[in-house]
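Presented below is the structure to which this report refers.
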Amino acid sequence: MKISRIYLAALIAVSCMVATLISISGAAFSQSATPADPTDAGKHVFQRANCMGCHKWHGNGGGGYGGDALSLRQTQLTREQIVETVSCGRPGTGMPFFVRGSYDATKCYDMLRKDAGDQMPPEANVFLRPSEIEAVADYVIAHIKGKGEPTYDECTAFFGNGSRVCNVYKTEAKPAEAEQAKKAAQ
Ligand code: HEC
């Protein structure tokens with residue numbers, strides 16, 4: 001009988017300790033958890049709607065299957081203008097329209113399909129809802145517009161840490177880092 005009482009007491013003591021540990025680590029976890037980036041939804045659209053197929057992950061564009069996509073880093077467009085460009089595409093270029101019924105159910109740049117004629121922009125492979133277009137415009141403004149050359153940190157933020165796609169940016173950064181390390185050592 002004695003033994004089982006001791007055993008029981010030990011069991012209670014251990015489970016109390018475990019409970020305390022769990023609550024401590026839980027508190028530490030909630031403190032260190034960073035709030036989600038509000039533009040994550042827009043980043044998701046940027047990937048899913050394949051904006052990056054033409055504009056590249058960094059937005060600098062270049063030759064894609066839709067012709068030379070303009071640099072979204074250098075764009076002068078406002079949020080509203082970006083929303084319109086994505087919704088309606090750009091007549092006479094490879095920039096597709098992403099809203100179902102553009103130039104049919106709704107006019108774009110005051111044009112219907114017949115007015116646009118051979119300037120009619122291509123239809124996107126994926127249609128987007130207005131909220132998704134606003135999200136992608138917010139993403140472009142927060143992470144792409146007005147940024148300089150793409151960096152390693154931006155690349156890993158886009159693709160995730162350790163992504164080999166980003167190594168090309170790493171090697172560019174290395175000489176500068178080595179230089180700094182050398183200076184610090186002197
Ligand atoms: C099929 C290729 C293609 C895809 C996909 C594409 N674009 Fe474009 N985009 C272009 C091209 C080409 C242009 C350049 C139009 C021109 O020459 O005026 C452009 C232009 C733009 C512009 C205008 C930039 C400026 O400064 O005038 C914006 C904004 C834009 N794209 C955003 C997006 C977003 C956001 C997506 C995804 C939802 C997307 N694009 C998907 C090809 C593409």
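Going through the structure tokens in order, the chains are called A, B, and so on, while each chain numbers its residues from 1 and the ligands are numbered from 1 in the order shown.
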**OP:** May I have the residues within 8 Å of Gln119 in chain A as a VMD selection string, using only C-alpha atoms and disregarding those fewer than 5 positions away in the same chain?
**Re:** chain A and resid 91 to 93
With C-alpha atoms retained, export the selected residues as a compact mmCIF listing (two decimals), in the first residue's frame.
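The result, written out as selection_25.txt:
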```txt
# COMPACT_ATOMS: atom_id res chain seq x y z
CA PRO A 91 -4.78 46.58 -75.11
CA GLY A 92 -2.21 45.97 -77.81
CA THR A 93 0.19 44.14 -75.46
```
Subject >> All residues 8 Å or closer to range 81-90 of chain A, only C-alpha atoms, same chain fewer than 2 positions away omitted, as a PyMOL selection string >> reply: chain A and resi 77-79+92-99+102-103+108-109+121-122+133-134+137
Subject >> Non-local contacts of Lys43 in chain A (10 Å; only C-alpha atoms; under 4 positions in same chain excluded) as a list in words >> reply: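 Once the adjacent positions are removed, what remains is Asp37, Pro38, Thr39, Gln47, Arg48, Ala49, Cys51, Trp57, Ala135, Val136, Ala137, Asp138, Tyr139, Val140, His143 and Phe158 of chain A.
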Grab the residues selected above and save them as a PDB file, in the first residue's frame with C-alpha atoms.
```
ATOM      1  CA  ASP A  37       2.217  39.436 -43.306  1.00  0.00           C
ATOM      2  CA  PRO A  38      -1.106  40.967 -44.425  1.00  0.00           C
ATOM      3  CA  THR A  39       0.075  40.855 -48.042  1.00  0.00           C
ATOM      4  CA  GLN A  47       2.034  32.953 -57.788  1.00  0.00           C
ATOM      5  CA  ARG A  48      -1.263  31.277 -58.626  1.00  0.00           C
ATOM      6  CA  ALA A  49      -2.255  33.709 -61.390  1.00  0.00           C
ATOM      7  CA  CYS A  51       2.119  37.025 -62.700  1.00  0.00           C
ATOM      8  CA  TRP A  57       9.214  36.634 -58.861  1.00  0.00           C
ATOM      9  CA  ALA A 135      -4.745  41.760 -52.765  1.00  0.00           C
ATOM     10  CA  VAL A 136      -2.237  41.331 -55.586  1.00  0.00           C
ATOM     11  CA  ALA A 137      -2.085  45.111 -56.108  1.00  0.00           C
ATOM     12  CA  ASP A 138      -1.352  45.551 -52.390  1.00  0.00           C
ATOM     13  CA  TYR A 139       1.366  42.929 -52.665  1.00  0.00           C
ATOM     14  CA  VAL A 140       2.960  44.688 -55.643  1.00  0.00           C
ATOM     15  CA  HIS A 143       6.989  44.308 -51.904  1.00  0.00           C
ATOM     16  CA  PHE A 158       9.530  34.753 -51.680  1.00  0.00           C
TER      17      PHE A 158
END
```
Original post:
Out of A:Lys170, A:Lys107, A:Arg73, A:His58, which residue has the shortest atom-to-atom distance to ligand 1 when counting only C-alpha atoms and all ligand atoms?
Top reply: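 Distance minimum relative to ligand 1 lands on A:Arg73.
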Subject >> Top pick for closest residue to ligand 1, considering A:Asp40, A:Asp118, A:Glu154, A:Glu80 and counting only C-alpha atoms and all ligand atoms >> reply: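 Selected residue with least distance to ligand 1: A:Glu80.
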Subject >> Residue among A:Ser163, A:Met111, A:Pro130, A:Ala105 lying closest to ligand 1, counting only C-alpha atoms and all ligand atoms >> reply: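 Once distances to ligand 1 are computed over only C-alpha atoms and all ligand atoms, the minimum belongs to A:Pro130.
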Subject >> Separation of atom 39 (C, counted along the ligand's line) of ligand 1 from CA of Gly59 in chain A, in Å and rounded to one decimal >> reply: 9.3 Å
Subject >> Separation of CA of Lys56 in chain A from CA of Tyr169 in chain A in Å >> reply: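 So the two atoms, CA of Tyr169 in chain A and CA of Lys56 in chain A, lie 14.4 Å apart.
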Original post:
Among range 37-138 of chain A, which residues carry a DSSP assignment of strand (DSSP E or B), reported as a PyMOL selection string?
Top reply: chain A and resi 62-65+67-69+97+102+106+108+111+123
Who sits within 12 Å of Gly62 in chain A, only C-alpha atoms, same chain under 6 positions skipped, as an mmCIF file with C-alpha atoms, in the first residue's frame:
```
data_model
loop_
_atom_site.group_PDB
_atom_site.id
_atom_site.type_symbol
_atom_site.label_atom_id
_atom_site.label_comp_id
_atom_site.auth_asym_id
_atom_site.auth_seq_id
_atom_site.Cartn_x
_atom_site.Cartn_y
_atom_site.Cartn_z
ATOM 1 C CA MET A 52 5.604 35.675 -61.981
ATOM 2 C CA GLY A 53 5.609 33.734 -65.257
ATOM 3 C CA CYS A 54 5.926 37.026 -67.119
ATOM 4 C CA HIS A 55 7.053 39.561 -64.519
ATOM 5 C CA LYS A 56 9.337 37.123 -62.641
ATOM 6 C CA ASP A 68 8.435 41.902 -72.621
ATOM 7 C CA ALA A 69 6.622 42.459 -69.345
ATOM 8 C CA LEU A 70 7.277 45.879 -67.863
ATOM 9 C CA SER A 71 9.129 46.171 -64.573
ATOM 10 C CA LEU A 72 6.736 46.323 -61.669
ATOM 11 C CA ARG A 73 9.660 47.580 -59.587
#
```
Original post:
CA of Gly42 in chain A and CA of Asn60 in chain A, how far apart in Å?
Top reply: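 CA of Gly42 in chain A lies at a distance of 17.3 Å from CA of Asn60 in chain A.
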Original post:
Which of these residues is nearest to ligand 1, using only C-alpha atoms and all ligand atoms: A:Arg100, A:Arg164, A:Arg113, A:Lys145?
Top reply: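 The answer is A:Lys145, which sits nearest to ligand 1.
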**OP:** Mind checking which residues fall within 12 Å of Val168 in chain A, counting only C-alpha atoms, ignoring those fewer than 6 positions away in the same chain, and posting them as a list in words?
**Re:**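 Answer for this query is Pro150, Thr151, Tyr152, Asp153, Cys155, Thr156 and Lys174 of chain A.
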Original post:
Out of A:Thr75, A:Val126, A:Phe159, A:Asp115, which residue has the shortest atom-to-atom distance to ligand 1 when counting only C-alpha atoms and all ligand atoms?
Top reply: A:Thr75
**OP:** Tell me which of A:Lys147, A:Leu128, A:Gly162, A:Lys114 sits closest to ligand 1, counting only C-alpha atoms and all ligand atoms.
**Re:** A:Leu128
